[in-house]
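Note: the block below is entry-v1.txt and it holds compact mmCIF, C-alpha atoms and all ligand atoms.
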```txt
# COMPACT_ATOMS: atom_id res chain seq x y z
CA MET A 260 120.97 118.95 106.24
CA ALA A 261 118.33 118.97 103.47
CA LEU A 262 114.66 119.82 103.92
CA ILE A 263 112.29 118.59 101.23
CA LEU A 264 108.60 119.29 100.82
CA GLY A 265 106.90 116.21 99.33
CA ILE A 266 103.58 116.58 97.51
CA GLU A 267 101.33 113.64 96.64
CA THR A 268 98.07 113.82 94.66
CA SER A 269 98.15 110.67 92.50
CA CYS A 270 94.84 109.20 93.63
CA ASP A 271 92.37 110.20 96.34
CA GLU A 272 94.59 111.69 99.06
CA THR A 273 95.86 115.26 98.93
CA ALA A 274 99.08 115.05 100.91
CA ALA A 275 102.11 117.17 101.77
CA ALA A 276 104.97 116.63 104.20
CA VAL A 277 108.31 118.12 105.16
CA VAL A 278 111.09 115.57 105.66
CA GLN A 279 114.64 116.15 106.79
CA ASP A 280 117.39 114.11 105.10
CA GLY A 281 114.98 111.51 103.76
CA CYS A 282 114.13 110.09 107.16
CA LYS A 283 112.94 112.57 109.76
CA ILE A 284 109.32 113.64 109.37
CA LEU A 285 108.84 117.27 110.45
CA SER A 286 105.22 117.32 109.32
CA SER A 287 102.82 115.14 107.35
CA VAL A 288 99.33 116.23 106.37
CA VAL A 289 96.88 114.00 104.50
CA ALA A 290 93.41 115.10 103.38
CA SER A 291 91.52 111.94 102.49
CA GLN A 292 88.66 111.95 100.00
CA VAL A 293 87.39 108.53 101.05
CA VAL A 294 83.94 109.75 102.09
CA LEU A 295 83.42 111.45 98.73
CA HIS A 296 84.20 108.30 96.74
CA ALA A 297 82.55 105.76 99.06
CA GLN A 298 79.14 106.19 97.42
CA TYR A 299 80.65 105.14 94.05
CA GLY A 300 82.52 102.15 95.53
CA GLY A 301 85.77 103.43 94.01
CA VAL A 302 87.63 106.59 93.05
CA PHE A 303 85.67 108.93 90.75
CA PRO A 304 88.47 110.66 88.78
CA GLU A 305 86.78 114.02 88.11
CA ILE A 306 85.71 114.39 91.72
CA ALA A 307 89.23 113.47 92.84
CA SER A 308 90.95 116.14 90.77
CA ARG A 309 88.42 118.82 91.73
CA GLU A 310 88.92 117.99 95.39
CA HIS A 311 92.72 118.12 94.99
CA VAL A 312 92.35 121.64 93.54
CA LEU A 313 90.37 122.70 96.62
CA LYS A 314 92.72 121.07 99.14
CA ILE A 315 96.23 121.42 97.74
CA VAL A 316 96.99 124.94 99.03
CA PRO A 317 95.57 124.43 102.56
CA VAL A 318 97.34 121.06 102.84
CA ILE A 319 100.72 122.49 101.79
CA ASP A 320 100.23 125.50 104.09
CA GLU A 321 99.46 123.22 107.00
CA ALA A 322 102.50 121.01 106.31
CA MET A 323 104.73 124.09 106.31
CA ARG A 324 103.12 125.46 109.47
CA GLU A 325 103.45 122.14 111.31
CA ALA A 326 107.11 121.87 110.29
CA LYS A 327 107.61 125.46 111.53
CA ILE A 328 109.61 126.45 108.47
CA ALA A 329 109.29 128.97 105.63
CA PHE A 330 109.50 128.15 101.91
CA ASP A 331 112.95 129.73 101.82
CA ASP A 332 114.18 127.13 104.33
CA LEU A 333 113.43 124.32 101.87
CA ASP A 334 116.13 122.72 99.72
CA ALA A 335 113.80 121.19 97.14
CA ILE A 336 110.20 120.40 96.31
CA ALA A 337 109.29 116.86 95.35
CA VAL A 338 106.10 115.75 93.67
CA THR A 339 104.54 112.51 92.43
CA TYR A 340 104.30 112.66 88.62
CA GLY A 341 103.07 109.09 88.07
CA PRO A 342 101.68 106.50 88.08
CA GLY A 343 98.16 107.61 88.94
CA LEU A 344 95.16 109.51 87.66
CA ALA A 345 96.19 112.17 85.15
CA GLY A 346 93.82 114.86 86.43
CA SER A 347 94.88 114.24 90.02
CA LEU A 348 98.63 114.13 89.31
CA LEU A 349 98.37 117.42 87.38
CA VAL A 350 97.21 119.30 90.47
CA GLY A 351 100.26 118.28 92.50
CA VAL A 352 102.75 118.76 89.67
CA ASN A 353 101.44 122.24 88.90
CA ALA A 354 101.46 123.26 92.56
CA ALA A 355 105.05 122.02 92.92
CA LYS A 356 106.13 123.86 89.77
CA ALA A 357 104.47 127.08 90.92
CA ILE A 358 106.28 127.05 94.28
CA THR A 359 109.66 126.05 92.84
CA PHE A 360 109.36 128.82 90.22
CA ALA A 361 108.32 131.46 92.75
CA ARG A 362 111.02 130.47 95.29
CA ASP A 363 113.73 129.45 92.84
CA LEU A 364 113.95 125.95 94.29
CA PRO A 365 114.92 122.63 92.65
CA LEU A 366 112.04 120.43 91.47
CA ILE A 367 112.20 116.64 91.82
CA GLY A 368 109.60 114.43 90.14
CA VAL A 369 109.06 111.18 92.06
CA ASN A 370 107.59 107.86 90.98
CA HIS A 371 104.74 107.01 93.36
CA LEU A 372 105.94 103.40 93.70
CA GLU A 373 109.42 104.55 94.62
CA GLY A 374 107.73 106.70 97.25
CA HIS A 375 105.97 103.65 98.72
CA LEU A 376 109.33 101.85 98.92
CA TYR A 377 111.04 104.72 100.68
CA ALA A 378 108.35 104.92 103.35
CA THR A 379 110.39 102.09 104.84
CA TRP A 380 113.38 104.35 105.40
CA LEU A 381 111.35 106.99 107.20
CA GLU A 382 112.14 107.12 110.84
CA ALA A 383 108.60 107.27 112.16
CA ALA A 384 109.36 107.30 115.86
CA GLY A 385 110.62 103.73 115.72
CA ALA A 386 107.25 102.51 114.51
CA THR A 387 108.55 100.36 111.66
CA VAL A 388 107.42 96.78 112.08
CA GLY A 389 110.08 94.09 111.98
CA ILE A 390 113.57 95.49 111.62
CA PRO A 391 114.40 99.05 110.55
CA ALA A 392 115.65 99.38 106.99
CA THR A 393 119.34 100.19 106.93
CA GLU A 394 121.93 100.82 104.28
CA GLU A 395 123.60 97.42 104.63
CA GLN A 396 120.69 95.25 103.67
CA PHE A 397 121.07 95.06 99.89
CA PRO A 398 120.22 93.17 97.84
CA LEU A 399 116.65 93.35 99.06
CA ILE A 400 113.34 92.15 97.72
CA ALA A 401 110.44 94.57 97.87
CA LEU A 402 106.79 93.68 97.53
CA ILE A 403 104.81 96.74 96.49
CA VAL A 404 101.08 96.14 96.81
CA SER A 405 98.63 99.00 96.36
CA GLY A 406 95.33 99.83 94.72
CA GLY A 407 96.97 99.97 91.29
CA HIS A 408 100.08 97.78 91.60
CA SER A 409 101.37 94.41 92.77
CA GLU A 410 105.05 94.13 92.02
CA ILE A 411 108.07 92.23 93.24
CA VAL A 412 111.20 94.33 92.84
CA LEU A 413 114.86 93.48 93.35
CA MET A 414 116.92 96.38 94.72
CA ARG A 415 120.70 96.04 94.63
CA GLY A 416 121.17 99.54 96.02
CA HIS A 417 119.31 102.79 96.49
CA GLY A 418 117.52 103.87 93.32
CA ASP A 419 118.36 100.57 91.61
CA TYR A 420 115.22 98.66 90.68
CA GLU A 421 114.72 95.46 88.74
CA LEU A 422 111.12 94.42 88.23
CA LEU A 423 110.88 90.65 88.79
CA GLY A 424 107.13 90.26 88.51
CA HIS A 425 103.85 92.12 88.37
CA THR A 426 100.13 91.46 88.27
CA LEU A 427 98.68 90.19 85.02
CA ASP A 428 95.23 91.55 85.84
CA ASP A 429 93.91 93.11 89.06
CA ALA A 430 96.23 94.64 91.63
CA ALA A 431 95.99 93.16 95.13
CA GLY A 432 94.30 96.30 96.49
CA GLU A 433 91.91 96.36 93.55
CA ALA A 434 90.96 92.74 94.34
CA PHE A 435 90.27 93.73 97.97
CA ASP A 436 88.13 96.66 96.78
CA LYS A 437 86.15 94.58 94.26
CA VAL A 438 85.59 91.65 96.62
CA ALA A 439 84.44 94.09 99.33
CA ARG A 440 81.85 95.39 96.88
CA LEU A 441 80.67 91.81 96.16
CA LEU A 442 80.28 91.27 99.90
CA GLY A 443 78.41 94.56 100.39
CA LEU A 444 81.25 96.04 102.43
CA SER A 445 82.30 99.68 102.34
CA TYR A 446 85.02 101.40 100.29
CA PRO A 447 88.01 101.18 100.57
CA GLY A 448 87.70 97.42 100.61
CA GLY A 449 91.00 96.51 102.27
CA PRO A 450 90.27 97.77 105.78
CA ALA A 451 86.61 96.62 105.50
CA ILE A 452 87.63 93.06 104.56
CA GLN A 453 90.26 92.98 107.28
CA LYS A 454 87.65 93.98 109.86
CA ALA A 455 85.04 91.49 108.64
CA ALA A 456 87.68 88.72 108.52
CA GLU A 457 88.35 89.12 112.23
CA GLN A 458 85.06 87.32 112.91
CA GLY A 459 85.56 84.66 110.24
CA SER A 460 87.51 81.48 109.61
CA PRO A 461 90.30 81.57 107.00
CA THR A 462 89.68 77.89 106.20
CA ALA A 463 85.90 78.16 105.85
CA PHE A 464 86.09 78.18 102.03
CA LYS A 465 88.75 76.77 99.74
CA LEU A 466 89.49 79.58 97.31
CA PRO A 467 91.93 79.30 94.38
CA ARG A 468 95.49 80.62 94.45
CA ALA A 469 97.10 81.46 91.12
CA TRP A 470 100.68 80.35 91.73
CA LEU A 471 101.91 81.01 88.16
CA ARG A 472 104.91 78.80 88.94
CA GLY A 473 108.25 79.77 87.46
CA THR A 474 107.35 83.47 87.46
CA TYR A 475 107.05 86.21 90.03
CA ASP A 476 103.82 87.40 88.44
CA PHE A 477 100.45 87.56 90.14
CA SER A 478 96.86 87.10 89.03
CA PHE A 479 93.86 87.83 91.22
CA SER A 480 90.99 87.78 88.73
CA GLY A 481 90.32 84.03 89.15
CA LEU A 482 90.10 84.46 92.90
CA LYS A 483 87.73 87.39 92.47
CA THR A 484 85.50 85.33 90.14
CA ALA A 485 85.55 82.43 92.62
CA VAL A 486 84.28 84.81 95.32
CA LEU A 487 81.57 86.05 92.95
CA HIS A 488 80.38 82.47 92.35
CA LEU A 489 80.54 81.73 96.06
CA VAL A 490 78.41 84.78 96.87
CA GLN A 491 75.95 83.82 94.10
CA SER A 492 75.67 80.32 95.57
CA PHE A 493 74.14 81.89 98.68
CA GLU A 494 71.50 83.81 96.71
CA GLY A 495 68.02 83.17 98.03
CA LYS A 496 69.46 81.88 101.28
CA LYS A 497 69.01 83.83 104.48
CA ARG A 498 72.54 84.99 104.96
CA VAL A 499 75.84 85.32 103.09
CA PRO A 500 78.70 84.27 105.41
CA VAL A 501 80.56 87.55 104.84
CA ALA A 502 83.12 87.11 107.63
CA ASP A 503 84.12 83.60 106.52
CA ILE A 504 84.40 84.64 102.87
CA ALA A 505 86.42 87.74 103.80
CA ALA A 506 88.81 85.67 105.95
CA SER A 507 89.20 82.97 103.28
CA PHE A 508 89.82 85.59 100.57
CA GLN A 509 92.31 87.58 102.67
CA THR A 510 94.28 84.41 103.41
CA ALA A 511 94.32 83.37 99.75
CA VAL A 512 95.78 86.77 98.74
CA ALA A 513 98.34 86.79 101.55
CA ASP A 514 99.44 83.19 100.84
CA VAL A 515 100.42 84.03 97.26
CA LEU A 516 101.99 87.41 98.08
CA VAL A 517 104.08 86.01 100.93
CA ASP A 518 105.15 82.84 99.16
CA LYS A 519 106.29 84.57 95.98
CA THR A 520 108.15 87.26 97.90
CA ARG A 521 109.86 84.63 100.01
CA GLN A 522 110.86 82.64 96.92
CA ALA A 523 112.33 85.74 95.29
CA ALA A 524 114.23 86.52 98.48
CA GLU A 525 115.71 83.02 98.47
CA GLU A 526 116.62 83.05 94.77
CA PHE A 527 118.38 86.42 94.96
CA ARG A 528 119.82 85.81 98.42
CA ALA A 529 118.13 88.92 99.73
CA ARG A 530 119.38 90.29 103.01
CA GLN A 531 116.07 91.99 103.64
CA ILE A 532 112.42 92.02 102.56
CA VAL A 533 110.53 95.29 102.33
CA LEU A 534 106.75 95.36 102.25
CA ALA A 535 105.19 98.56 100.90
CA GLY A 536 101.99 100.12 99.50
CA GLY A 537 98.45 100.43 100.83
CA VAL A 538 97.82 96.67 101.08
CA SER A 539 100.87 96.31 103.34
CA ALA A 540 98.66 97.91 105.99
CA ASN A 541 96.84 94.55 106.13
CA ALA A 542 97.37 92.96 109.55
CA HIS A 543 97.17 89.37 108.28
CA LEU A 544 99.65 90.01 105.46
CA ARG A 545 102.07 91.73 107.86
CA LYS A 546 101.83 88.85 110.31
CA MET A 547 102.29 86.16 107.64
CA MET A 548 105.26 87.94 106.06
CA LEU A 549 106.99 88.31 109.41
CA ALA A 550 106.23 84.70 110.37
CA ARG A 551 107.18 82.97 107.12
CA SER A 552 110.20 84.93 105.92
CA GLN A 553 113.72 83.83 106.71
CA ALA A 554 115.19 87.19 105.71
CA PRO A 555 114.52 90.11 108.08
CA VAL A 556 111.33 91.96 107.12
CA SER A 557 110.73 95.68 107.22
CA ILE A 558 107.24 97.15 106.96
CA PRO A 559 106.36 100.84 107.42
CA PRO A 560 103.92 101.82 110.16
CA ILE A 561 100.33 101.67 108.91
CA LYS A 562 99.84 105.38 108.34
CA LEU A 563 102.92 105.42 106.10
CA CYS A 564 101.76 102.38 104.08
CA VAL A 565 98.87 104.31 102.55
CA ASP A 566 99.47 107.36 100.37
CA ASN A 567 101.26 110.28 102.05
CA GLY A 568 103.66 113.10 101.21
CA ALA A 569 106.48 111.99 103.53
CA MET A 570 107.30 108.94 101.40
CA ILE A 571 107.59 111.19 98.33
CA ALA A 572 110.01 113.51 100.14
CA ALA A 573 111.98 110.47 101.39
CA ALA A 574 112.42 109.05 97.89
CA ALA A 575 113.25 112.51 96.52
CA TRP A 576 116.07 112.97 99.03
CA ARG A 577 117.99 110.10 97.40
CA HIS A 578 117.69 111.84 94.02
CA PHE A 579 118.59 115.18 95.61
CA GLU A 580 121.78 113.69 97.08
CA ARG A 581 122.75 112.30 93.68
CA GLY A 582 122.25 115.74 92.10
CA GLU A 583 119.26 114.59 90.04
CA ARG A 584 116.68 117.28 89.25
CA SER A 585 113.59 117.55 87.07
CA GLY A 586 113.16 120.25 84.43
CA TRP A 587 110.21 122.58 83.89
CA GLU A 588 108.82 120.28 81.25
CA LEU A 589 108.18 117.60 83.90
CA ASP A 590 104.77 116.26 82.97
CA VAL A 591 102.44 113.73 84.52
CA VAL A 592 102.92 110.12 83.37
CA PRO A 593 99.81 108.15 84.43
CA ALA A 594 101.32 104.76 83.47
CA LEU A 595 104.83 105.49 84.76
CA LYS A 596 106.95 102.39 85.46
CA LEU A 597 109.46 102.07 88.27
CA GLN A 598 112.75 103.33 86.88
CA SER A 599 116.17 103.93 88.28
CA LYS A 600 116.59 107.62 87.42
CA VAL A 601 114.59 110.80 88.03
CA ASP A 602 112.80 112.19 84.94
CA SER A 603 115.25 114.95 84.01
CA ARG A 604 114.65 115.89 80.38
CA GLN A 605 116.15 119.37 80.77
O1 LIG B 1 98.88 102.80 98.26
P1 LIG B 1 97.46 103.16 98.36
O2 LIG B 1 97.01 104.03 99.50
O3 LIG B 1 96.99 103.85 97.04
C1 LIG B 1 97.46 103.45 95.78
O4 LIG B 1 98.60 103.80 95.45
O5 LIG B 1 96.70 102.69 95.14
O6 LIG B 1 96.64 101.78 98.37
C2 LIG B 1 95.26 101.77 98.42
C3 LIG B 1 94.81 100.32 98.43
C4 LIG B 1 93.31 100.15 98.36
O7 LIG B 1 93.01 99.20 97.35
C5 LIG B 1 92.93 99.64 99.74
O8 LIG B 1 91.81 98.78 99.73
C6 LIG B 1 94.19 98.91 100.14
O9 LIG B 1 95.25 99.71 99.66
N1 LIG B 1 94.29 98.78 101.60
C7 LIG B 1 94.25 97.60 102.24
C8 LIG B 1 94.29 97.89 103.62
N2 LIG B 1 94.36 99.25 103.78
C9 LIG B 1 94.37 99.78 102.52
N3 LIG B 1 94.17 96.35 101.76
C10 LIG B 1 94.12 95.34 102.66
N4 LIG B 1 94.12 95.54 104.00
C11 LIG B 1 94.20 96.79 104.52
N5 LIG B 1 94.21 96.97 105.85
ZN ZN B 2 99.87 104.46 96.70
```

I'd like the structure from this file rewritten - as structure tokens, please.
Ligand code: KG4
Ligand code: ZN
Amino acid sequence: MALILGIETSCDETAAAVVQDGCKILSSVVASQVVLHAQYGGVFPEIASREHVLKIVPVIDEAMREAKIAFDDLDAIAVTYGPGLAGSLLVGVNAAKAITFARDLPLIGVNHLEGHLYATWLEAAGATVGIPATEEQFPLIALIVSGGHSEIVLMRGHGDYELLGHTLDDAAGEAFDKVARLLGLSYPGGPAIQKAAEQGSPTAFKLPRAWLRGTYDFSFSGLKTAVLHLVQSFEGKKRVPVADIAASFQTAVADVLVDKTRQAAEEFRARQIVLAGGVSANAHLRKMMLARSQAPVSIPPIKLCVDNGAMIAAAAWRHFERGERSGWELDVVPALKLQSKVDSRQ
């Protein structure tokens, strides 16, 4: 049995969790900074890192208390070292290094995107939507959609990633956040658009979809500009039809994400589709992916789609089992790409 403390501070959540054998969550604590950033309509990097400094020790303490274990019971400490905001990542990496040094524990640097993927393997009280991820379902196609990334990844086994496509401009979550701002909705935009869309019609407005045929790449900037022009066309009128625009936009994003993922699954004869990252919390996207995919679909429960420490510990456990460790020189890598090995320049 291996107990890993996972620490996550890449963006605007200070998070820590204790996970047993990469799947059983003993504790998971997330301190969200959403209210602090809402007034800026996005994450304010300096405020984020300062807040991480204030929260990191209490959050780790609480995760340990909830798990009812002592530091000496841990087998390793895992931490996100990229991609993300440099000043935010530094807080988590330094905290992880301090504890591993003091307790003589192994340190495992984890790619945030790999963390999102491994949220699918967390056994969150059977709350995974669709089918549970199991060992037999490779090759699989993963769609990782978050505030900073939109990627389609082919996995032929654990820790084996081949990037098939990515966004050429805005990430899906970024598009949700920017369009929410255009519509005067609150930050973060994803949940706000989802809520507004509940009252609207997805066919009210015909918005563009960038299919980029022959590739697995995405582009959302044209869609965002189309929404801007649509909103401007209502200037001077009594009311902007926010709900209809939100529903039409949400459907346009989901159409492209689902279709491309499904195509990739067919081409690579995937035995499973995994949906991960903050945008995978979107109810419409979840529903469409489950309805339109022929391959079985696995989506983490909503609270594990958005940033948390448990997913970092889950991904780290795979590295731990393979004997992969990070050295003291582990540094933050804000533009880190998904890669198949742990950063272990020893
Ligand atoms: O993975 P995440 O928590 O942080 C990053 O790694 O970026 O993703 C945050 C993103 C934000 O852009 C947020 O608007 C989006 O996920 N998001 C959603 C929903 N919940 C969060 N987008 C659409 N629908 C949602 N329900
Ligand atoms: Zn994330």

Using all atoms listed in the file, what does the table of chain A residues within 6 Å of ligand LIG 1 (chain B) look like, with each row giving the shortest atom pair and its distance in Å to one decimal, sorted by chain and ascending number, as CSV?
```
residue,atom,partner,partner_atom,distance
A:Ser405,CA,B:LIG1,O6,4.0
A:Gly406,CA,B:LIG1,O5,3.2
A:Gly407,CA,B:LIG1,O5,4.7
A:Gly432,CA,B:LIG1,O7,3.3
A:Glu433,CA,B:LIG1,O7,4.9
A:Phe435,CA,B:LIG1,O8,5.6
A:Asp436,CA,B:LIG1,O8,5.2
A:Pro447,CA,B:LIG1,O8,4.6
A:Gly448,CA,B:LIG1,O8,4.4
A:Gly449,CA,B:LIG1,N3,3.2
A:Pro450,CA,B:LIG1,N5,4.0
A:Gln453,CA,B:LIG1,N4,5.7
A:Gly536,CA,B:LIG1,O1,4.3
A:Gly537,CA,B:LIG1,O6,3.3
A:Val538,CA,B:LIG1,N3,3.7
A:Ala540,CA,B:LIG1,N5,4.6
A:Asn541,CA,B:LIG1,N5,3.6
A:Val565,CA,B:LIG1,O2,3.6
A:Asp566,CA,B:LIG1,O2,4.2
```

Taking only C-alpha atoms and all ligand atoms into account, list the residues no farther than 12 Å from ligand ZN 2 (chain B), as a PyMOL selection string. chain A and resi 267-274+339+341-344+370-378+403-409+430+432-433+535-540+562-568+570-571

Non-local contacts of Asp514 (chain A) (10 Å; all atoms listed in the file; under 2 positions in same chain excluded) as a JSON list (two decimals) with C-alpha atoms, in the coordinates of the input:
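Contents of around_17.json, freshly written:
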```json
[["chain", "number", "residue", "atom", "x", "y", "z"],
["A", 468, "ARG", "CA", 95.49, 80.62, 94.45],
["A", 470, "TRP", "CA", 100.68, 80.35, 91.73],
["A", 508, "PHE", "CA", 89.82, 85.59, 100.57],
["A", 509, "GLN", "CA", 92.31, 87.58, 102.67],
["A", 510, "THR", "CA", 94.28, 84.41, 103.41],
["A", 511, "ALA", "CA", 94.32, 83.37, 99.75],
["A", 512, "VAL", "CA", 95.78, 86.77, 98.74],
["A", 516, "LEU", "CA", 101.99, 87.41, 98.08],
["A", 517, "VAL", "CA", 104.08, 86.01, 100.93],
["A", 518, "ASP", "CA", 105.15, 82.84, 99.16],
["A", 519, "LYS", "CA", 106.29, 84.57, 95.98],
["A", 543, "HIS", "CA", 97.17, 89.37, 108.28],
["A", 544, "LEU", "CA", 99.65, 90.01, 105.46],
["A", 547, "MET", "CA", 102.29, 86.16, 107.64],
["A", 548, "MET", "CA", 105.26, 87.94, 106.06],
["A", 551, "ARG", "CA", 107.18, 82.97, 107.12]]
```

With distances taken over all atoms listed in the file, which of A:Asp590, A:Asp476, A:Glu457, A:Glu494 is nearest to His425 (chain A)?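 Closest candidate: A:Asp476.
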
One decimal, Å: what's the distance from CA of Ala573 (chain A) over to CA of Leu295 (chain A), could you say?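 It comes out at 28.7 Å.
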
Let me make sure I understand: among A:Gln522, A:Thr484, A:Gln298, A:Gln458, which one has the smallest atom-to-atom distance to Arg472 (chain A) if we use only C-alpha atoms? A:Gln522

One decimal, in Å: what's the spacing between CA of Arg440 (chain A) and CA of Ser507 (chain A)?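 CA of Arg440 (chain A) sits 15.8 Å away from CA of Ser507 (chain A).
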
Give me, please, the distance in Å between CA of Asp280 (chain A) and CA of Leu333 (chain A), quoted to one decimal.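 Separation between CA of Asp280 (chain A) and CA of Leu333 (chain A): 11.4 Å.
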
Considering all atoms listed in the file, can you say which of A:Leu595, A:Val499, A:Ile532, A:Ala469 comes closest to Leu413 (chain A)?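 Between A:Leu595, A:Val499, A:Ile532, A:Ala469, the residue approaching Leu413 (chain A) most closely is A:Ile532.
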
Could you tell me which of A:Ala574, A:Lys283, A:Val338, A:Ala513 comes closest to Ala542 (chain A) if we count only C-alpha atoms? A:Ala513

For Ala451 (chain A), which residue out of A:Ile263, A:Val288, A:Ala345, A:Ala297 is the nearest one, using only C-alpha atoms? A:Ala297
